[in-house]
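Source file: my_file39.csv (CSV, C-alpha atoms)
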```
chain,number,residue,atom,x,y,z
A,29,MET,CA,53.9,21.5,-26.0
A,30,LYS,CA,54.8,18.9,-23.4
A,31,LEU,CA,52.5,20.6,-20.9
A,32,GLN,CA,49.5,20.6,-23.3
A,33,VAL,CA,50.0,16.9,-24.1
A,34,GLY,CA,50.2,16.1,-20.4
A,35,LEU,CA,47.0,17.9,-19.7
A,36,SER,CA,45.2,16.2,-22.6
A,37,VAL,CA,46.2,12.8,-21.4
A,38,ARG,CA,45.1,13.6,-17.9
A,39,GLY,CA,41.7,14.9,-19.2
A,40,LEU,CA,41.2,11.7,-21.2
A,41,ALA,CA,42.0,9.6,-18.1
A,42,LEU,CA,39.5,11.6,-16.0
A,43,LEU,CA,36.8,11.2,-18.7
A,44,GLY,CA,37.4,7.5,-18.7
A,45,CYS,CA,37.0,7.2,-15.0
A,46,ALA,CA,33.7,9.2,-15.2
A,47,VAL,CA,32.4,6.8,-17.8
A,48,VAL,CA,33.4,3.7,-15.7
A,49,MET,CA,31.8,5.2,-12.6
A,50,ALA,CA,28.6,6.1,-14.4
A,51,ALA,CA,28.0,2.7,-15.8
A,52,PRO,CA,27.4,0.8,-12.6
A,53,ALA,CA,25.0,3.6,-11.4
A,54,SER,CA,22.9,3.2,-14.6
A,55,ALA,CA,22.9,-0.6,-14.1
A,56,GLN,CA,21.7,-0.2,-10.6
A,57,GLN,CA,18.9,2.1,-11.7
A,58,ALA,CA,17.8,-0.4,-14.3
A,59,VAL,CA,17.8,-3.2,-11.6
A,60,ALA,CA,15.9,-1.0,-9.2
A,61,GLY,CA,13.3,-0.2,-11.9
A,62,GLN,CA,12.8,-3.9,-12.7
A,63,ALA,CA,12.4,-4.7,-8.9
A,64,SER,CA,9.8,-1.9,-8.6
A,65,VAL,CA,7.8,-3.3,-11.5
A,66,GLY,CA,8.0,-6.8,-10.0
A,67,GLN,CA,7.0,-5.7,-6.6
A,68,SER,CA,4.0,-3.8,-8.0
A,69,GLY,CA,2.7,-7.0,-9.5
A,70,ALA,CA,3.3,-8.9,-6.2
A,71,ASP,CA,1.4,-6.1,-4.3
A,72,GLU,CA,-1.6,-6.4,-6.6
A,73,ALA,CA,-1.7,-10.2,-6.4
A,74,GLN,CA,-1.5,-10.1,-2.6
A,75,PHE,CA,-4.3,-7.6,-2.3
A,76,ALA,CA,-6.4,-9.6,-4.7
A,77,CYS,CA,-5.9,-12.9,-2.8
A,78,ASP,CA,-6.7,-11.3,0.5
A,79,LEU,CA,-10.0,-10.0,-0.8
A,80,ALA,CA,-10.9,-13.2,-2.8
A,81,GLY,CA,-9.9,-15.4,0.1
A,82,ASP,CA,-7.7,-17.7,-2.0
A,83,CYS,CA,-4.3,-16.9,-0.4
A,84,ASP,CA,-2.0,-19.8,0.4
A,85,PRO,CA,-3.5,-21.2,3.7
A,86,ALA,CA,-0.1,-22.0,5.1
A,87,THR,CA,1.7,-18.7,4.5
A,88,GLY,CA,-1.1,-16.2,3.9
A,89,ALA,CA,0.7,-15.2,0.7
A,90,ALA,CA,-0.6,-14.9,-2.9
A,91,VAL,CA,-0.2,-18.3,-4.6
A,92,SER,CA,2.9,-18.1,-6.7
A,93,ASP,CA,3.0,-18.5,-10.5
A,94,PRO,CA,4.3,-22.0,-11.3
A,95,ALA,CA,6.4,-20.4,-14.0
A,96,ALA,CA,8.0,-18.0,-11.6
A,97,PRO,CA,11.7,-18.6,-10.8
A,98,ALA,CA,12.4,-20.5,-7.6
A,99,ALA,CA,14.6,-19.2,-4.9
A,100,THR,CA,18.4,-19.8,-5.3
A,101,PRO,CA,20.8,-20.5,-2.5
A,102,GLY,CA,21.9,-17.3,-0.7
A,103,ARG,CA,18.9,-15.3,-2.1
A,104,PRO,CA,15.4,-14.8,-0.5
A,105,ALA,CA,12.5,-16.7,-2.0
A,106,PRO,CA,10.3,-14.8,-4.5
A,107,ARG,CA,7.7,-12.7,-2.8
A,108,GLY,CA,4.3,-14.4,-2.8
A,109,SER,CA,5.8,-17.9,-2.4
A,110,ALA,CA,7.5,-18.7,0.9
A,111,THR,CA,6.9,-15.2,2.3
A,112,ARG,CA,3.9,-13.0,2.4
A,113,GLY,CA,4.1,-10.7,-0.6
A,114,PHE,CA,2.2,-7.7,0.7
A,115,SER,CA,1.7,-6.4,4.2
A,116,PHE,CA,-1.7,-5.0,5.2
A,117,ARG,CA,-1.1,-3.1,8.3
A,118,ARG,CA,-3.9,-2.8,10.8
A,119,GLY,CA,-3.0,0.6,12.2
A,120,GLN,CA,-2.6,4.1,10.7
A,121,ALA,CA,0.1,6.4,12.0
A,122,ASP,CA,-1.8,9.4,10.7
A,123,GLY,CA,-1.9,11.6,13.9
A,124,ALA,CA,-5.7,11.7,14.0
A,125,THR,CA,-5.7,14.3,16.8
A,126,PRO,CA,-4.9,18.0,16.2
A,127,GLY,CA,-1.3,19.0,16.9
A,128,GLN,CA,0.3,15.7,16.0
A,129,SER,CA,2.5,15.4,12.9
A,130,ALA,CA,1.8,12.8,10.3
A,131,SER,CA,4.1,9.9,10.2
A,132,VAL,CA,4.4,6.4,8.6
A,133,ALA,CA,4.4,3.5,11.0
A,134,ALA,CA,7.5,1.2,11.0
A,135,PRO,CA,6.9,-2.1,9.3
A,136,ALA,CA,5.6,-4.8,11.7
A,137,ALA,CA,7.7,-7.8,12.5
A,138,ALA,CA,5.1,-10.1,10.9
A,139,PRO,CA,2.5,-9.0,8.4
A,140,ALA,CA,-1.0,-8.8,9.8
A,141,ARG,CA,-3.7,-11.1,8.5
A,142,PRO,CA,-6.9,-9.6,7.1
A,143,VAL,CA,-9.5,-9.1,9.7
A,144,ARG,CA,-11.8,-11.5,7.9
A,145,VAL,CA,-11.8,-13.4,4.6
A,146,GLY,CA,-13.0,-11.0,1.9
A,147,GLY,CA,-11.6,-8.0,3.7
A,148,ALA,CA,-8.3,-6.2,3.8
A,149,ASP,CA,-6.9,-3.3,5.8
A,150,LEU,CA,-5.6,-0.9,3.2
A,151,GLY,CA,-2.8,0.3,5.4
A,152,LEU,CA,-3.4,4.0,4.5
A,153,THR,CA,-2.2,7.2,6.2
A,154,PHE,CA,-3.7,10.7,6.1
A,155,LEU,CA,-2.6,14.1,7.1
A,156,PRO,CA,-3.5,14.9,10.8
A,157,ALA,CA,-7.1,15.0,11.7
A,158,SER,CA,-8.1,15.2,8.0
A,159,ALA,CA,-9.2,13.0,5.1
A,160,VAL,CA,-6.2,14.1,2.9
A,161,LEU,CA,-4.3,11.1,1.7
A,162,THR,CA,-0.5,11.1,2.0
A,163,ASP,CA,1.5,10.5,-1.2
A,164,ALA,CA,2.4,7.0,0.1
A,165,SER,CA,-1.3,6.2,0.4
A,166,LYS,CA,-2.0,7.4,-3.1
A,167,ALA,CA,0.8,5.1,-4.4
A,168,ARG,CA,-0.8,2.1,-2.6
A,169,LEU,CA,-4.2,3.0,-4.0
A,170,ASP,CA,-2.9,3.0,-7.5
A,171,LYS,CA,-1.9,-0.6,-7.0
A,172,TYR,CA,-5.2,-1.5,-5.4
A,173,ALA,CA,-7.0,0.0,-8.4
A,174,ALA,CA,-5.0,-2.1,-10.8
A,175,ALA,CA,-5.8,-5.2,-8.7
A,176,LEU,CA,-9.5,-4.5,-8.9
A,177,GLN,CA,-9.3,-5.0,-12.6
A,178,LEU,CA,-7.9,-8.6,-12.2
A,179,PRO,CA,-10.4,-11.2,-13.5
A,180,LYS,CA,-11.3,-12.6,-10.1
A,181,LEU,CA,-12.2,-9.1,-8.8
A,182,SER,CA,-13.3,-7.2,-11.9
A,183,GLY,CA,-17.0,-8.1,-11.5
A,184,ARG,CA,-17.1,-7.7,-7.7
A,185,ARG,CA,-18.5,-4.9,-5.6
A,186,MET,CA,-17.0,-3.8,-2.3
A,187,ARG,CA,-17.5,-1.5,0.6
A,188,ILE,CA,-14.9,1.0,1.7
A,189,GLU,CA,-15.1,1.3,5.4
A,190,GLY,CA,-13.6,4.0,7.6
A,191,HIS,CA,-12.8,3.4,11.3
A,192,THR,CA,-11.2,5.5,14.1
A,193,ASP,CA,-10.1,4.9,17.6
A,194,ALA,CA,-12.3,6.1,20.6
A,195,SER,CA,-10.4,9.3,21.3
A,196,GLY,CA,-12.5,12.4,20.6
A,197,SER,CA,-16.2,12.7,20.4
A,198,PRO,CA,-18.3,9.9,18.8
A,199,ARG,CA,-19.8,12.4,16.3
A,200,ALA,CA,-16.4,13.8,15.2
A,201,ASN,CA,-15.0,10.2,14.8
A,202,GLN,CA,-18.0,9.1,12.7
A,203,GLU,CA,-17.7,12.1,10.4
A,204,LEU,CA,-13.9,11.7,10.1
A,205,SER,CA,-14.2,8.0,9.3
A,206,GLN,CA,-16.9,8.7,6.6
A,207,ARG,CA,-14.8,11.4,5.0
A,208,ARG,CA,-11.7,9.2,4.9
A,209,ALA,CA,-13.6,6.3,3.4
A,210,GLN,CA,-15.1,8.7,0.8
A,211,ALA,CA,-11.7,10.1,0.0
A,212,VAL,CA,-10.4,6.5,-0.7
A,213,ALA,CA,-13.4,5.7,-2.9
A,214,ASP,CA,-13.0,9.0,-4.8
A,215,TYR,CA,-9.3,8.2,-5.5
A,216,LEU,CA,-10.0,4.7,-6.7
A,217,VAL,CA,-12.6,6.1,-9.1
A,218,GLN,CA,-10.0,8.6,-10.4
A,219,ALA,CA,-7.7,5.7,-10.9
A,220,GLY,CA,-10.2,3.9,-13.1
A,221,VAL,CA,-12.5,1.9,-10.8
A,222,ASP,CA,-16.2,2.1,-11.7
A,223,ARG,CA,-18.0,4.1,-8.9
A,224,GLN,CA,-20.9,1.7,-9.1
A,225,ARG,CA,-18.7,-1.0,-7.7
A,226,LEU,CA,-18.0,1.0,-4.5
A,227,ASP,CA,-20.1,1.5,-1.4
A,228,VAL,CA,-18.8,3.9,1.4
A,229,ALA,CA,-19.4,3.7,5.1
A,230,GLY,CA,-17.9,5.4,8.2
A,231,TYR,CA,-18.2,3.5,11.5
A,232,GLY,CA,-16.2,5.8,13.8
A,233,ALA,CA,-15.0,3.9,16.8
A,234,SER,CA,-18.0,1.5,16.9
A,235,LYS,CA,-16.0,-1.5,15.5
A,236,PRO,CA,-12.6,-1.8,17.2
A,237,LEU,CA,-10.3,-4.6,16.2
A,238,PRO,CA,-10.8,-7.9,18.1
A,239,GLY,CA,-8.7,-7.9,21.3
A,240,VAL,CA,-7.7,-4.2,20.9
A,241,THR,CA,-8.8,-1.5,23.3
A,242,PRO,CA,-11.1,1.1,21.7
A,243,GLN,CA,-8.6,3.9,22.4
A,244,ALA,CA,-5.7,2.1,20.6
A,245,THR,CA,-4.5,3.9,17.4
A,246,ALA,CA,-4.5,0.5,15.6
A,247,ASN,CA,-8.2,1.0,15.2
A,248,ARG,CA,-7.6,3.9,12.8
A,249,ARG,CA,-7.9,2.1,9.5
A,250,VAL,CA,-9.7,2.0,6.1
A,251,MET,CA,-10.9,-1.4,5.1
A,252,ALA,CA,-12.0,-2.8,1.7
A,253,VAL,CA,-14.7,-5.5,2.1
A,254,LEU,CA,-16.2,-7.6,-0.7
A,255,LEU,CA,-20.0,-7.5,-0.9
```
Here is the file; what I need is its structure written in the form of structure tokens.
Amino acid sequence: MKLQVGLSVRGLALLGCAVVMAAPASAQQAVAGQASVGQSGADEAQFACDLAGDCDPATGAAVSDPAAPAATPGRPAPRGSATRGFSFRRGQADGATPGQSASVAAPAAAPARPVRVGGADLGLTFLPASAVLTDASKARLDKYAAALQLPKLSGRRMRIEGHTDASGSPRANQELSQRRAQAVADYLVQAGVDRQRLDVAGYGASKPLPGVTPQATANRRVMAVLL
């Protein structure tokens, strides 16, 4: 009898520990979910301001909502206020030549500015030497599709531009850039964007980034440009 009571007490103690340990994990998951939703909204706002050309001129970030909470001591400022809320990377670590594995580029030390007002590098990656979007790129395009429904962009048309570096033949580069731009447009349509709002163009290696050598991998990019 004493043995059974001892085991029962021990079992209750272990059960209590499990409950206590599970509670913080659930709380962390809830916080993570809230942060993900908040970041998604910030991403959409940043994409929209880069295309519309109404980002904060001092920081390049989406203008923050006056009702949004201000930064508190010891915590970073809300994204979209003192810091740039969304990074549009100029390069694609997609391994555009056969034999290379696909990889995602490490975040740059400072977010790149759009190449021009009304245009944004979508920062997408593809499987090597193909127009197959990675899962990370699909997630980004879901956010872009939502941003295109915002009031300041909902009535605008845009051109999806594909670009490559100068490695490989000009013909192959042009065809690859066209297929990648078309893949992006097709995905946006599946995500709810009206196809009539989208033009598609592949430029191959004919338009390298300013100050960048034509062979640089940074030239591999897909742009969205308002028309």
- request: Return the single residue from A:Gly151, A:Gly239, A:Arg185, A:Ser197 that is closest to Val212 in chain A, with distances computed using all atoms listed in the file.
  value: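 With all atoms listed in the file as the atom set, the closest residue is A:Gly151.
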message: Using only C-alpha atoms for the distances, tell me which of A:Gly146, A:Lys171, A:Asp193, A:Gln177 is nearest to Thr241 in chain A.
response: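 Of all the options, A:Asp193 lies closest to Thr241 in chain A.
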field: Between CA of Ser165 in chain A and CA of Arg199 in chain A - distance in Å to one decimal
entry: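 Those two atoms sit 25.2 Å apart.
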message: For range 216-221 of chain A, find every residue with an atom within 7 Å (counting all atoms listed in the file), except residues of its own chain fewer than 4 positions away, and show them as a ChimeraX atom specification.
response: /A:169-170,173,212
field: Test item: residues at most 10 Å from Leu254 in chain A, all atoms listed in the file, excluding those fewer than 6 positions along its chain, as a list in words
entry: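 Residues near the query, excluding close chain neighbours: Leu79, Ala80, Val145, Gly146, Gly147, Ala148, Leu181, Arg184, Arg185, Met186, Arg187, Ile188, Arg225, Leu226 and Asp227 of chain A.
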task: Using CA of Gln202 in chain A and CA of Ala229 in chain A as the two end points, give the distance in Å to one decimal.
output: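 Atom-to-atom, CA of Gln202 in chain A to CA of Ala229 in chain A, that is 9.4 Å.
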field: Distance of CA of Ala89 in chain A from CA of Gly190 in chain A, expressed in Å to one decimal place
entry: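 The value is 24.9 Å.
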- prompt: Nearest to Asn201 in chain A among A:Lys235, A:Lys180, A:Ala164, A:Ala252, with distances taken over only C-alpha atoms: which residue is it?
  reply: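 With only C-alpha atoms as the atom set, the closest residue is A:Lys235.
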